[in-house]
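Only one structure is covered here, and it is reproduced in the block below.
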Amino acid sequence: MHQSYGEVVMLVKAEVKLLGVKDSYSSRVLVDSGARMSLLDKLLAEKVGVEYTGREINFISISGHTVKGLEAIVPKIDLEGEVLKYEPVAVAEIPKTVKEALRTSELDENLIIGILTLERANMITDTTTGTLRRVTSFILSAPLFSL
């Protein structure tokens, strides 16, 4: 938990297993609802084996630094029991300051789950418990927006 302006903010954590083309990897990771894509450290991406799409991605890390990365596909991600196939992630060198902050919070320093992965898994963050919650997804049809 972190304290900010008199409020207690609970970090949301999740159990994740990556199944790559070469290896698998399991850990307890940070779920960052402010991050669009999940972030995988470059060395871990090489270890488990991902398929690069060739698309370059620039983003601002949680430490405020601009990070350059590459989009890749992880063959399978198991997020709290929900298996997602062919999940896109950003692969980059995670800055040392971010890794240190994750370690201090007893979280894996090589992987951060972002909102696109949560949406595909039909999950949302629950900051009151620090966990993920499954939700029912819905799709609005076009006629609802017609005049």
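Ligands are numbered from 1 in the order shown, residues from 1 within each chain, and chains are lettered A, B, ... in the order they appear in the structure tokens.
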For A:Lys42, find every residue with an atom within 10 Å (counting only C-alpha atoms), except residues of its own chain fewer than 4 positions away, and show them as a ChimeraX atom specification.
/A:46-47,69-70,90-94,110-111
Export, as an mmCIF file, in the first residue's frame, the selected residues with C-alpha atoms.
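File again-v1.cif, as written:
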data_model
loop_
_atom_site.group_PDB
_atom_site.id
_atom_site.type_symbol
_atom_site.label_atom_id
_atom_site.label_comp_id
_atom_site.auth_asym_id
_atom_site.auth_seq_id
_atom_site.Cartn_x
_atom_site.Cartn_y
_atom_site.Cartn_z
ATOM 1 C CA GLU A 46 14.225 -13.187 -25.327
ATOM 2 C CA LYS A 47 14.092 -15.936 -22.686
ATOM 3 C CA GLY A 69 9.992 -0.461 -27.455
ATOM 4 C CA LEU A 70 8.791 -2.980 -29.983
ATOM 5 C CA ALA A 90 5.350 -3.792 -25.611
ATOM 6 C CA VAL A 91 8.912 -5.101 -25.260
ATOM 7 C CA ALA A 92 11.534 -2.699 -23.920
ATOM 8 C CA GLU A 93 14.293 -2.304 -21.386
ATOM 9 C CA ILE A 94 12.406 -1.422 -18.220
ATOM 10 C CA ASN A 110 10.131 -7.825 -15.711
ATOM 11 C CA LEU A 111 6.425 -7.561 -16.495
#
If you run DSSP on the backbone, which residues of stretch 65-135 of chain A are alpha helix (DSSP H), as a ChimeraX atom specification?
/A:96-104,115-120
So which residues touch A:Asp23 within 7 Å, counting only C-alpha atoms, skipping near sequence neighbours fewer than 4 positions away, as JSON, numbers by chain?
{"A": [19, 47, 48, 49]}
Those same residues, written as an mmCIF file, in the first residue's frame with C-alpha atoms?
data_model
loop_
_atom_site.group_PDB
_atom_site.id
_atom_site.type_symbol
_atom_site.label_atom_id
_atom_site.label_comp_id
_atom_site.auth_asym_id
_atom_site.auth_seq_id
_atom_site.Cartn_x
_atom_site.Cartn_y
_atom_site.Cartn_z
ATOM 1 C CA LEU A 19 3.900 -19.267 -22.326
ATOM 2 C CA LYS A 47 14.092 -15.936 -22.686
ATOM 3 C CA VAL A 48 10.447 -16.965 -23.193
ATOM 4 C CA GLY A 49 10.361 -16.270 -26.939
#
d(atom CA of A:Thr127, atom CA of A:Ser27) in Å:
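Separation between atom CA of A:Thr127 and atom CA of A:Ser27: 19.8 Å.
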Find the residues near A:Gly81: any atom within 12 Å, counting only C-alpha atoms, skip ones fewer than 5 places away on the same chain, and give them as a list in words.
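In the requested form, the answer reads Ala14, Glu15, Val16, Lys17, Leu18, Lys76, Ala121, Asn122, Met123, Leu132, Arg133 and Arg134 of chain A.
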Just want the 9 Å neighbourhood of A:Ser38, counted on only C-alpha atoms, with same-chain residues fewer than 5 positions away dropped. Output as a count of residues only.
13
Ranking A:Glu106, A:Asp126, A:Lys13, A:Arg120 by minimum distance to A:Lys85 and counting only C-alpha atoms, which one comes first?
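Of the candidates, the smallest distance to A:Lys85 is held by A:Arg120.
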Given only C-alpha atoms as the counted atoms, nearest of A:Glu87, A:Glu80, A:Glu109, A:Glu100 to A:Thr131
A:Glu80
Which residues, written as a PyMOL selection string, have at least one atom at most 9 Å from A:Ser61, with only C-alpha atoms counted and residues fewer than 6 positions away on the same chain left out?
chain A and resi 35+67+94-95+98
If you run DSSP on this backbone, which residues of chain A come out as strand (DSSP E or B), and could you give them as a PyMOL selection string?
chain A and resi 2-4+7-9+13-19+24-31+39-41+51-60+66-79+82-92+111-113+123-126+131-134
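One finds atom CA of A:Leu107 at 5.2 Å from atom CA of A:Val29.
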Expressed in Å to a single decimal, how great is the separation between atom CA of A:Arg55 and atom CA of A:Asp41?
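Here the two named atoms are 16.3 Å from each other.
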